[in-house]
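input.txt, holding compact mmCIF, C-alpha atoms:
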# COMPACT_ATOMS: atom_id res chain seq x y z
CA MET G 417 12.99 -14.14 -5.00
CA SER G 418 11.88 -11.03 -3.21
CA MET G 419 12.47 -7.70 -4.95
CA GLU G 420 12.73 -5.71 -1.76
CA SER G 421 15.71 -3.50 -1.09
CA LYS G 422 18.54 -4.35 1.26
CA LYS G 423 18.37 -1.35 3.50
CA ASP G 424 18.11 -1.89 7.22
CA PHE G 425 14.59 -0.74 7.96
CA ASN G 426 15.05 -0.78 11.71
CA GLU G 427 17.90 1.72 11.42
CA TRP G 428 16.14 3.72 8.72
CA ARG G 429 12.94 4.00 10.74
CA ALA G 430 14.87 4.92 13.88
CA GLU G 431 16.38 7.85 11.96
CA LYS G 432 12.93 9.03 10.92
CA LEU G 433 11.70 8.81 14.51
CA GLY G 434 14.77 10.75 15.60
CA TYR G 435 13.82 13.54 13.24
CA VAL G 436 10.21 13.46 14.48
CA TYR G 437 11.33 13.75 18.10
CA PHE G 438 13.88 16.55 17.70
CA SER G 439 11.68 18.54 15.31
CA ARG G 440 9.14 18.88 18.12
CA LEU G 441 11.20 21.82 19.30
CA ALA G 442 10.75 24.64 16.79
CA GLU G 443 14.04 26.30 17.76
CA LEU G 444 16.07 23.32 16.56
CA ILE G 445 17.38 23.51 12.99
CA ILE G 446 18.11 19.95 11.90
CA ASN G 447 20.76 19.31 9.29
CA GLU G 448 21.27 15.91 7.72
CA PRO G 449 24.88 15.52 6.54
CA ASN G 450 24.68 14.32 2.95
CA PHE G 451 28.15 12.83 2.60
CA GLN G 452 28.98 9.16 2.92
CA GLU G 453 29.28 7.70 6.41
CA PRO G 454 28.88 10.87 8.43
CA LEU G 455 29.73 10.65 12.12
CA PHE G 456 26.22 11.80 12.99
CA ASP G 457 22.82 11.32 11.44
CA TYR G 458 21.83 14.81 12.48
CA LEU G 459 23.77 17.96 13.23
CA ILE G 460 21.36 20.15 15.14
CA ASP G 461 21.71 23.89 15.58
CA ILE G 462 19.87 25.56 18.45
CA GLY G 463 18.56 28.48 16.45
CA GLU G 464 17.01 31.80 17.30
CA ASN G 465 14.15 33.19 15.19
CA GLN G 466 14.72 30.36 12.68
CA LYS G 467 18.34 31.42 12.18
CA GLN G 468 21.37 29.32 12.99
CA THR G 469 23.48 30.37 15.96
CA GLY G 470 26.33 27.86 15.70
CA ARG G 471 25.28 26.13 18.91
CA LEU G 472 25.59 22.69 17.36
CA PHE G 473 25.18 19.23 18.80
CA GLY G 474 25.49 15.91 17.04
CA VAL G 475 22.94 13.11 17.16
CA GLU G 476 23.64 9.54 16.10
CA VAL G 477 20.46 7.45 15.85
CA LYS G 478 20.22 3.69 16.18
CA SER G 479 17.49 1.14 16.69
CA TYR G 480 17.19 -0.14 20.23
CA ASN G 481 17.40 -3.84 20.93
CA ASN G 482 16.37 -4.21 24.57
CA GLY G 483 19.76 -3.06 25.74
CA LYS G 484 21.49 -5.97 24.04
CA GLU G 485 23.52 -3.75 21.75
CA ASN G 486 27.05 -3.12 22.82
CA LEU G 487 27.21 0.65 23.12
CA ASN G 488 30.96 0.69 23.23
CA ASP G 489 31.18 -1.02 19.88
CA SER G 490 28.77 1.41 18.29
CA LEU G 491 30.66 4.45 19.56
CA SER G 492 33.55 4.95 17.24
CA LYS G 493 36.87 6.17 18.61
CA GLU G 494 36.48 9.03 16.18
CA TYR G 495 33.88 10.54 18.48
CA LYS G 496 36.63 11.13 21.00
CA ASN G 497 37.88 14.15 19.07
CA ILE G 498 34.51 15.78 18.54
CA ALA G 499 34.64 19.27 20.03
CA PHE G 500 30.93 19.83 20.59
CA PRO G 501 28.16 18.06 22.52
CA ALA G 502 26.92 14.82 21.01
CA LEU G 503 24.52 12.06 21.93
CA LEU G 504 23.38 8.65 20.89
CA VAL G 505 19.63 8.22 20.49
CA MET G 506 17.94 4.84 20.22
CA PHE G 507 14.39 3.86 19.29
CA ASP G 508 12.57 0.65 20.02
CA ASN G 509 10.66 -0.09 16.83
CA LYS G 510 8.25 -2.31 18.73
CA ASN G 511 6.78 0.55 20.73
CA ASP G 512 8.49 3.72 19.42
CA HIS G 513 10.02 4.44 22.83
CA GLY G 514 13.17 6.54 22.60
CA TYR G 515 16.30 6.42 24.74
CA TYR G 516 19.48 8.46 24.78
CA LYS G 517 22.92 8.62 26.22
CA TRP G 518 25.55 11.27 25.90
CA ILE G 519 28.62 10.60 23.79
CA LYS G 520 30.17 13.98 24.57
CA LYS G 521 28.36 15.27 27.61
CA PRO G 522 28.50 19.01 28.27
CA SER G 523 29.48 19.67 31.87
CA GLU G 524 28.95 22.74 33.99
CA ASP G 525 32.66 23.56 34.04
CA GLY G 526 32.63 23.96 30.27
CA GLN G 527 34.28 20.62 29.57
CA LEU G 528 33.01 17.81 27.38
CA VAL G 529 33.01 14.37 28.96
CA PHE G 530 33.59 11.48 26.58
CA ASP G 531 31.12 9.02 28.03
CA THR G 532 31.07 5.42 26.85
CA ALA G 533 29.73 3.81 30.01
CA LYS G 534 27.31 0.97 29.40
CA ASN G 535 23.69 0.70 30.44
CA ASP G 536 23.15 4.28 31.44
CA VAL G 537 20.55 5.18 28.84
CA GLU G 538 17.75 7.52 29.79
CA GLU G 539 14.28 7.81 28.34
CA LEU G 540 13.86 10.31 25.51
CA ASN G 541 10.68 12.32 25.93
CA ASP G 542 9.61 15.96 25.82
CA ASN G 543 11.15 16.64 29.24
CA SER G 544 14.49 15.08 28.40
CA LEU G 545 14.53 16.81 25.00
CA ASN G 546 14.22 20.16 26.74
CA LYS G 547 16.85 19.12 29.28
CA ILE G 548 19.28 18.17 26.51
CA VAL G 549 18.79 21.49 24.74
CA THR G 550 19.21 23.42 28.02
CA GLU G 551 22.45 21.59 28.81
CA VAL G 552 23.82 22.32 25.35
CA LYS G 553 22.82 25.98 25.58
CA ASP G 554 24.46 26.30 28.99
CA TRP G 555 27.63 24.70 27.70
CA TYR G 556 27.87 27.17 24.82
CA SER G 557 27.17 30.05 27.23
CA ASN G 558 30.09 28.86 29.35
CA GLN G 559 32.31 28.80 26.27
CA HIS G 560 31.54 32.47 25.61
CA VAL G 561 32.32 33.36 29.23
CA ALA G 562 35.63 31.53 29.08
CA MET X 209 3.10 25.81 5.28
CA SER X 210 6.68 26.24 6.48
CA ASN X 211 9.48 23.94 5.37
CA ARG X 212 9.92 22.85 8.96
CA ILE X 213 6.31 21.71 9.31
CA GLY X 214 6.35 20.03 5.89
CA LYS X 215 9.60 18.18 6.62
CA ARG X 216 8.24 17.12 9.97
CA GLY X 217 5.09 15.76 8.32
CA GLU X 218 7.14 13.82 5.78
CA ASN X 219 9.16 12.20 8.56
CA ILE X 220 6.03 11.37 10.57
CA PHE X 221 4.61 9.74 7.44
CA ALA X 222 7.83 7.84 6.71
CA SER X 223 8.07 6.54 10.28
CA ARG X 224 4.57 5.03 10.10
CA ASN X 225 5.46 2.32 7.59
CA ILE X 226 5.39 -0.52 10.06
CA ALA X 227 2.65 -3.11 10.60
CA SER X 228 2.28 -6.20 12.75
CA LYS X 229 3.78 -8.16 9.84
CA GLY X 230 6.88 -5.95 9.96
CA PHE X 231 7.93 -3.46 7.34
CA LEU X 232 5.55 -3.50 4.39
CA LEU X 233 6.35 -0.18 2.72
CA ASP X 234 9.54 1.48 1.52
CA PRO X 235 8.94 5.19 0.91
CA THR X 236 11.37 7.24 -1.16
CA PHE X 237 11.05 11.01 -1.07
CA LEU X 238 10.72 12.33 -4.60
CA GLY X 239 11.98 15.84 -3.98
CA ASP X 240 10.60 19.28 -4.55
CA LYS X 241 10.41 18.97 -8.34
CA PHE X 242 7.35 16.76 -8.00
CA GLN X 243 4.37 19.03 -7.53
CA THR X 244 1.55 16.63 -6.74
CA VAL X 245 3.09 13.57 -5.07
CA ASP X 246 5.79 13.44 -2.44
CA PHE X 247 6.78 9.78 -2.15
CA HIS X 248 7.24 6.75 -4.36
CA VAL X 249 6.40 3.86 -2.05
CA ASP X 250 7.52 0.33 -2.89
CA LEU X 251 5.74 -2.68 -1.47
CA LEU X 252 7.95 -4.92 0.64
CA GLN X 253 7.33 -8.63 1.19
CA TYR X 254 5.85 -8.72 -2.33
CA PHE X 255 7.05 -10.92 -5.14
CA PHE X 256 6.65 -8.34 -7.89
CA LYS X 257 7.73 -4.73 -8.12
CA GLY X 258 4.57 -3.11 -6.77
CA PHE X 259 4.37 0.50 -5.71
CA PHE X 260 2.13 3.49 -5.21
CA TYR X 261 2.50 7.23 -4.89
CA ALA X 262 1.79 9.25 -1.80
CA GLY X 263 1.07 12.90 -1.25
CA VAL X 264 1.65 14.12 2.29
CA LYS X 265 -0.35 17.06 3.63
CA THR X 266 0.57 18.31 7.07
CA THR X 267 -1.57 20.50 9.27
CA THR X 268 -1.03 22.26 12.57
CA LEU X 269 -4.71 23.23 12.67
CA GLY X 270 -6.19 19.96 13.90
CA TYR X 271 -9.74 18.92 13.09
CA TYR X 272 -13.14 20.32 12.25
CA PRO X 273 -15.50 20.36 15.26
CA GLU X 274 -17.16 17.05 14.38
CA GLY X 275 -13.73 15.40 14.49
CA ASP X 276 -14.36 13.48 11.31
CA ARG X 277 -12.10 15.58 9.09
CA MET X 278 -8.68 17.17 9.41
CA ARG X 279 -8.32 20.83 8.55
CA ILE X 280 -6.56 20.18 5.25
CA THR X 281 -7.86 21.63 1.98
CA ILE X 282 -6.86 20.16 -1.35
CA ASP X 283 -7.48 22.42 -4.28
CA LYS X 284 -9.49 21.04 -7.23
CA ASP X 285 -6.62 21.89 -9.59
CA GLU X 286 -4.39 19.59 -7.56
CA ILE X 287 -7.08 16.90 -7.55
CA ALA X 288 -7.29 17.22 -11.33
CA GLU X 289 -3.54 16.58 -11.52
CA LEU X 290 -3.81 13.60 -9.15
CA SER X 291 -6.70 12.15 -11.18
CA LYS X 292 -4.34 11.74 -14.14
CA PHE X 293 -2.63 8.89 -12.32
CA VAL X 294 -3.98 5.46 -13.19
CA LEU X 295 -1.62 3.94 -10.62
CA PRO X 296 -2.58 3.89 -6.94
CA VAL X 297 -2.17 7.27 -5.26
CA TYR X 298 -2.98 8.06 -1.66
CA ILE X 299 -3.10 11.25 0.30
CA PHE X 300 -1.80 11.08 3.84
CA GLY X 301 -3.07 13.81 6.10
CA ILE X 302 -0.65 14.35 8.97
CA ASP X 303 -1.57 15.94 12.28
CA GLU X 304 1.71 17.64 13.14
CA ILE X 305 0.76 18.23 16.76
CA GLU X 306 -0.44 14.70 17.58
CA GLU X 307 2.10 13.06 15.23
CA LYS X 308 -0.48 10.82 13.62
CA GLY X 309 -1.98 10.46 10.18
CA TYR X 310 -5.01 9.46 8.13
CA LEU X 311 -5.14 8.23 4.58
CA ILE X 312 -7.51 8.45 1.65
CA SER X 313 -7.30 7.26 -1.90
CA ALA X 314 -6.69 10.07 -4.39
CA ASN X 315 -7.81 8.02 -7.37
CA ASN X 316 -11.54 8.46 -6.94
CA LEU X 317 -11.79 12.07 -5.85
CA ASP X 318 -14.15 14.41 -7.69
CA LYS X 319 -11.87 16.67 -9.71
CA ALA X 320 -14.57 19.32 -10.01
CA MET X 321 -14.49 20.07 -6.28
CA ASN X 322 -12.00 21.06 -3.62
CA VAL X 323 -11.52 18.56 -0.81
CA ASN X 324 -12.43 20.45 2.33
CA GLY X 325 -10.95 18.24 4.99
CA VAL X 326 -9.25 14.85 4.94
CA ILE X 327 -11.59 12.31 6.52
CA THR X 328 -10.39 10.55 9.67
CA LYS X 329 -12.05 7.23 8.85
CA TYR X 330 -8.77 5.53 7.99
CA PRO X 331 -6.04 6.17 10.55
CA VAL X 332 -2.52 5.18 9.53
CA ASN X 333 -2.16 2.13 11.75
CA SER X 334 -1.04 -1.44 11.42
CA ALA X 335 -4.42 -2.73 10.19
CA ASN X 336 -4.86 -0.06 7.52
CA ILE X 337 -1.24 -0.32 6.36
CA GLU X 338 -1.90 -4.04 5.80
CA LEU X 339 -5.18 -3.32 3.96
CA LEU X 340 -3.46 -0.71 1.81
CA TRP X 341 -0.67 -3.16 1.04
CA LYS X 342 -3.22 -5.81 0.02
CA GLU X 343 -5.19 -3.56 -2.31
CA VAL X 344 -2.05 -2.21 -3.99
CA ALA X 345 -0.69 -5.75 -4.29
CA ALA X 346 -4.05 -6.84 -5.80
CA TYR X 347 -3.78 -3.98 -8.29
CA TRP X 348 -0.35 -5.16 -9.41
CA ASP X 349 -1.46 -8.80 -9.40
CA ASN X 350 -4.27 -7.95 -11.81
CA ARG X 351 -2.91 -4.93 -13.59
CA ARG X 352 -3.39 -6.42 -17.06
CA GLU X 353 -7.13 -6.58 -16.56
CA MET X 354 -7.65 -3.35 -14.66
CA THR X 355 -7.80 0.01 -16.36
CA LYS X 356 -8.02 2.16 -13.27
CA PHE X 357 -7.16 1.56 -9.66
CA VAL X 358 -10.15 1.22 -7.31
CA SER X 359 -9.56 1.74 -3.61
CA SER X 360 -11.62 1.04 -0.52
CA PHE X 361 -10.09 4.07 1.23
CA ASN X 362 -12.72 6.55 0.05
What does this structure look like when you write it as structure tokens?
Amino acid sequence: MSMESKKDFNEWRAEKLGYVYFSRLAELIINEPNFQEPLFDYLIDIGENQKQTGRLFGVEVKSYNNGKENLNDSLSKEYKNIAFPALLVMFDNKNDHGYYKWIKKPSEDGQLVFDTAKNDVEELNDNSLNKIVTEVKDWYSNQHVA
Amino acid sequence: MSNRIGKRGENIFASRNIASKGFLLDPTFLGDKFQTVDFHVDLLQYFFKGFFYAGVKTTTLGYYPEGDRMRITIDKDEIAELSKFVLPVYIFGIDEIEEKGYLISANNLDKAMNVNGVITKYPVNSANIELLWKEVAAYWDNRREMTKFVSSFN
């Protein structure tokens, strides 16, 4: 009988890749909630000079399975009440490619759109990482104006 | 080295545990109380409870001009501490910018000298993860006869 542990290595590795991707941007302060069954794998603060600013967004990380996963099933109804931007990030462990879709998408009018539409994932790369951070920053700026 | 860079290096290391045979290694971060090694790494797909220790050194400085060594220095005092391990211990040098790593065995280092640069002969890739797995598994297969671990990653 094998002695290996029962953890899901696809999910575990996807989380590590998620950290590697988001930590590319030095301004992001990545917090890993250490309580059981957190809503997000990472709560990320867009910092300034290595200090937190409260501009948080949530990241849930999953392994990607050629689009076969049912995104609606994986997005808990609890996300509906989240009051800050949040996204789902997926990694294909065969080639390390990353994908993302917004769960709570920040919009220009200062609203958050609860988005559970299927099959609208976008590639996660340095450009899209910067785009995500810009969108979150703009959303928080709009909150201050309001 | 900042906490951010170190944490990033640890996650780059931990995400490189996959080979063509699937997941072969299960790293567990040991925490800051461990001065010389960072991870306890269990072998997966192995009948017995085999493991090794890993130290992760992350650099943002890249490589020496010849390209055969990363700009990572390991102090001889640290090597002396690592040499006390009879179990397999590896050092993983992580290039934070390129998000890739190289490994060497820490068991056969000369404890009288600093290591000035981690050699780039053994990239952390599928083939070397499998070779590492085999030599650690061989160590645990034969551990009654062996007094000290001998690695080919030197």
Chain X near chain G within 12 Å: what's each residue's closest atom pair and its distance in Å to one decimal, counting only C-alpha atoms, ordered by chain then ascending residue number, as a Markdown table?
| residue | atom | partner | partner_atom | distance |
| --- | --- | --- | --- | --- |
| X:Ser210 | CA | G:Gln466 | CA | 11.0 |
| X:Asn211 | CA | G:Ile445 | CA | 11.0 |
| X:Arg212 | CA | G:Ser439 | CA | 7.9 |
| X:Ile213 | CA | G:Ser439 | CA | 8.7 |
| X:Gly214 | CA | G:Ser439 | CA | 10.9 |
| X:Lys215 | CA | G:Ser439 | CA | 8.9 |
| X:Arg216 | CA | G:Val436 | CA | 6.1 |
| X:Gly217 | CA | G:Val436 | CA | 8.3 |
| X:Glu218 | CA | G:Lys432 | CA | 9.1 |
| X:Asn219 | CA | G:Lys432 | CA | 5.5 |
| X:Ile220 | CA | G:Val436 | CA | 6.1 |
| X:Phe221 | CA | G:Lys432 | CA | 9.0 |
| X:Ala222 | CA | G:Lys432 | CA | 6.7 |
| X:Ser223 | CA | G:Lys432 | CA | 5.5 |
| X:Arg224 | CA | G:Arg429 | CA | 8.5 |
| X:Asn225 | CA | G:Arg429 | CA | 8.3 |
| X:Ile226 | CA | G:Asn509 | CA | 8.6 |
| X:Ala227 | CA | G:Lys510 | CA | 9.9 |
| X:Ser228 | CA | G:Lys510 | CA | 9.3 |
| X:Lys229 | CA | G:Lys510 | CA | 11.5 |
| X:Gly230 | CA | G:Phe425 | CA | 9.5 |
| X:Phe231 | CA | G:Phe425 | CA | 7.2 |
| X:Leu232 | CA | G:Glu420 | CA | 9.7 |
| X:Leu233 | CA | G:Glu420 | CA | 9.6 |
| X:Asp234 | CA | G:Ser421 | CA | 8.3 |
| X:Pro235 | CA | G:Arg429 | CA | 10.7 |
| X:Thr236 | CA | G:Trp428 | CA | 11.5 |
| X:Val249 | CA | G:Glu420 | CA | 11.5 |
| X:Asp250 | CA | G:Glu420 | CA | 8.1 |
| X:Leu251 | CA | G:Glu420 | CA | 7.6 |
| X:Leu252 | CA | G:Glu420 | CA | 5.4 |
| X:Gln253 | CA | G:Ser418 | CA | 6.8 |
| X:Tyr254 | CA | G:Ser418 | CA | 6.5 |
| X:Phe255 | CA | G:Ser418 | CA | 5.2 |
| X:Phe256 | CA | G:Met419 | CA | 6.6 |
| X:Lys257 | CA | G:Met419 | CA | 6.4 |
| X:Gly258 | CA | G:Met419 | CA | 9.3 |
| X:Phe259 | CA | G:Glu420 | CA | 11.1 |
| X:Glu304 | CA | G:Arg440 | CA | 9.0 |
| X:Ile305 | CA | G:Arg440 | CA | 8.5 |
| X:Glu306 | CA | G:Arg440 | CA | 10.5 |
| X:Glu307 | CA | G:Val436 | CA | 8.2 |
| X:Lys308 | CA | G:Val436 | CA | 11.0 |
| X:Ser334 | CA | G:Lys510 | CA | 11.9 |
List the neighbours of range 279-285 of chain X out to 9 Å using all atoms listed in the file; skip same-chain residues closer than 5 positions along the sequence, and give me the result as an mmCIF file with C-alpha atoms, in the frame of the given file.
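The file below, around_36.cif, is the result:
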data_model
loop_
_atom_site.group_PDB
_atom_site.id
_atom_site.type_symbol
_atom_site.label_atom_id
_atom_site.label_comp_id
_atom_site.auth_asym_id
_atom_site.auth_seq_id
_atom_site.Cartn_x
_atom_site.Cartn_y
_atom_site.Cartn_z
ATOM 1 C CA LYS X 265 -0.350 17.060 3.630
ATOM 2 C CA THR X 266 0.570 18.310 7.070
ATOM 3 C CA THR X 267 -1.570 20.500 9.270
ATOM 4 C CA THR X 268 -1.030 22.260 12.570
ATOM 5 C CA LEU X 269 -4.710 23.230 12.670
ATOM 6 C CA GLY X 270 -6.190 19.960 13.900
ATOM 7 C CA TYR X 271 -9.740 18.920 13.090
ATOM 8 C CA TYR X 272 -13.140 20.320 12.250
ATOM 9 C CA LEU X 290 -3.810 13.600 -9.150
ATOM 10 C CA GLY X 301 -3.070 13.810 6.100
ATOM 11 C CA ASP X 318 -14.150 14.410 -7.690
ATOM 12 C CA LYS X 319 -11.870 16.670 -9.710
ATOM 13 C CA ALA X 320 -14.570 19.320 -10.010
ATOM 14 C CA MET X 321 -14.490 20.070 -6.280
ATOM 15 C CA ASN X 322 -12.000 21.060 -3.620
ATOM 16 C CA VAL X 323 -11.520 18.560 -0.810
ATOM 17 C CA ASN X 324 -12.430 20.450 2.330
ATOM 18 C CA GLY X 325 -10.950 18.240 4.990
ATOM 19 C CA VAL X 326 -9.250 14.850 4.940
#
Task: Atom-to-atom span, CA of Val505 in chain G and CA of Trp518 in chain G, Å - done: 8.6 Å
TODO: Find the distance between CA of Ile312 in chain X and CA of Phe361 in chain X and write it in Å to one decimal.
DONE: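 For CA of Ile312 in chain X relative to CA of Phe361 in chain X, the distance reads 5.1 Å.
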TODO: Quick one: pull the distance between CA of Leu503 in chain G and CA of Lys520 in chain G, Å, one decimal.
DONE: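 CA of Leu503 in chain G sits 6.5 Å away from CA of Lys520 in chain G.
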Open item on the list: Using all atoms listed in the file for the distances, tell me which of X:Val297, X:Gly263, X:Asp303, X:Ile337 is nearest to Gln243 in chain X.
Closed with: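 Checking each candidate against Gln243 in chain X, we get X:Gly263 as the closest.
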TODO: Please provide the set of residues having any atom within 10 Å of Lys292 in chain X, restricted to only C-alpha atoms, with same-chain residues fewer than 4 positions apart removed, written as number ranges by chain.
DONE: X: 287-288, 315
Task: Residues within 12 Å of Glu539 in chain G, all atoms listed in the file, excluding chain neighbours under 6 positions, as JSON, numbers by chain - done: {"G": [480, 504, 505, 506, 507, 508, 512, 513, 514, 515, 516, 517, 545, 547, 548]}
So that all listed atoms of range 534-549 of chain G fit with 6 Å spare on each side, what axis-aligned box centre and edge lengths in Å, to one decimal, would you give as lines of an AutoDock Vina configuration file?
center_x = 18.5
center_y = 11.1
center_z = 28.1
size_x = 29.7
size_y = 32.8
size_z = 18.7
Open item on the list: Neighbouring residues of Tyr261 in chain X were defined as those with any atom within 7 Å, considering all atoms listed in the file; residues of the same chain fewer than 3 positions away were excluded. Please report them as a PyMOL selection string.
Closed with: chain X and resi 245+247-249+296-298
Open item on the list: Using only C-alpha atoms, can you tell me which of X:Ile327, X:Ala314, X:Val358, X:Leu238 comes closest to Gly275 in chain X?
Closed with: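 Of the candidates, the smallest distance to Gly275 in chain X is held by X:Ile327.
Of the listed residues G:Asn543, G:Asn447, G:Ser479, G:Asn511, the one whose atoms come nearest to Gly463 in chain G is G:Asn447, with distances taken using only C-alpha atoms.
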Task: Proximity to Asn465 in chain G - best of G:Tyr495, G:Val477, G:Gln527, G:Glu443, only C-alpha atoms - done: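 Closest residue, counting only C-alpha atoms: G:Glu443.
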Task: For Thr550 in chain G: contacts at 10 Å, all atoms listed in the file, fewer than 6 positions along chain excluded, given as JSON, numbers by chain - done: {"G": [462, 544, 556]}
As an mmCIF file, in the frame of the given file, the rebuilt range 325-339 of chain X with N, CA, C and O atoms:
data_model
loop_
_atom_site.group_PDB
_atom_site.id
_atom_site.type_symbol
_atom_site.label_atom_id
_atom_site.label_comp_id
_atom_site.auth_asym_id
_atom_site.auth_seq_id
_atom_site.Cartn_x
_atom_site.Cartn_y
_atom_site.Cartn_z
ATOM 1 N N GLY X 325 -11.155 19.091 3.819
ATOM 2 C CA GLY X 325 -10.950 18.240 4.990
ATOM 3 C C GLY X 325 -10.666 16.808 4.605
ATOM 4 O O GLY X 325 -11.407 16.215 3.824
ATOM 5 N N VAL X 326 -9.587 16.272 5.147
ATOM 6 C CA VAL X 326 -9.250 14.850 4.940
ATOM 7 C C VAL X 326 -9.987 14.040 6.003
ATOM 8 O O VAL X 326 -9.840 14.314 7.208
ATOM 9 N N ILE X 327 -10.787 13.083 5.566
ATOM 10 C CA ILE X 327 -11.590 12.310 6.520
ATOM 11 C C ILE X 327 -10.683 11.478 7.450
ATOM 12 O O ILE X 327 -9.584 11.069 7.060
ATOM 13 N N THR X 328 -11.182 11.264 8.658
ATOM 14 C CA THR X 328 -10.390 10.550 9.670
ATOM 15 C C THR X 328 -10.853 9.103 9.832
ATOM 16 O O THR X 328 -10.589 8.471 10.851
ATOM 17 N N LYS X 329 -11.525 8.598 8.797
ATOM 18 C CA LYS X 329 -12.050 7.230 8.850
ATOM 19 C C LYS X 329 -10.946 6.184 8.838
ATOM 20 O O LYS X 329 -11.089 5.088 9.376
ATOM 21 N N TYR X 330 -9.834 6.528 8.189
ATOM 22 C CA TYR X 330 -8.770 5.530 7.990
ATOM 23 C C TYR X 330 -7.461 6.003 8.621
ATOM 24 O O TYR X 330 -6.594 6.583 7.949
ATOM 25 N N PRO X 331 -7.304 5.785 9.917
ATOM 26 C CA PRO X 331 -6.040 6.170 10.550
ATOM 27 C C PRO X 331 -4.883 5.327 10.009
ATOM 28 O O PRO X 331 -5.076 4.173 9.607
ATOM 29 N N VAL X 332 -3.708 5.936 9.969
ATOM 30 C CA VAL X 332 -2.520 5.180 9.530
ATOM 31 C C VAL X 332 -2.083 4.317 10.708
ATOM 32 O O VAL X 332 -1.427 4.777 11.634
ATOM 33 N N ASN X 333 -2.525 3.087 10.689
ATOM 34 C CA ASN X 333 -2.160 2.130 11.750
ATOM 35 C C ASN X 333 -1.831 0.791 11.097
ATOM 36 O O ASN X 333 -1.915 0.635 9.872
ATOM 37 N N SER X 334 -1.473 -0.141 11.928
ATOM 38 C CA SER X 334 -1.040 -1.440 11.420
ATOM 39 C C SER X 334 -2.098 -2.088 10.523
ATOM 40 O O SER X 334 -1.799 -2.569 9.423
ATOM 41 N N ALA X 335 -3.355 -2.060 10.953
ATOM 42 C CA ALA X 335 -4.420 -2.730 10.190
ATOM 43 C C ALA X 335 -4.608 -2.074 8.831
ATOM 44 O O ALA X 335 -4.720 -2.772 7.800
ATOM 45 N N ASN X 336 -4.630 -0.733 8.799
ATOM 46 C CA ASN X 336 -4.860 -0.060 7.520
ATOM 47 C C ASN X 336 -3.635 -0.106 6.604
ATOM 48 O O ASN X 336 -3.782 -0.128 5.382
ATOM 49 N N ILE X 337 -2.446 -0.138 7.200
ATOM 50 C CA ILE X 337 -1.240 -0.320 6.360
ATOM 51 C C ILE X 337 -1.328 -1.690 5.666
ATOM 52 O O ILE X 337 -1.010 -1.829 4.480
ATOM 53 N N GLU X 338 -1.783 -2.703 6.407
ATOM 54 C CA GLU X 338 -1.900 -4.040 5.800
ATOM 55 C C GLU X 338 -2.974 -4.057 4.721
ATOM 56 O O GLU X 338 -2.792 -4.675 3.661
ATOM 57 N N LEU X 339 -4.117 -3.379 4.973
ATOM 58 C CA LEU X 339 -5.180 -3.320 3.960
ATOM 59 C C LEU X 339 -4.704 -2.576 2.712
ATOM 60 O O LEU X 339 -4.973 -3.003 1.586
#
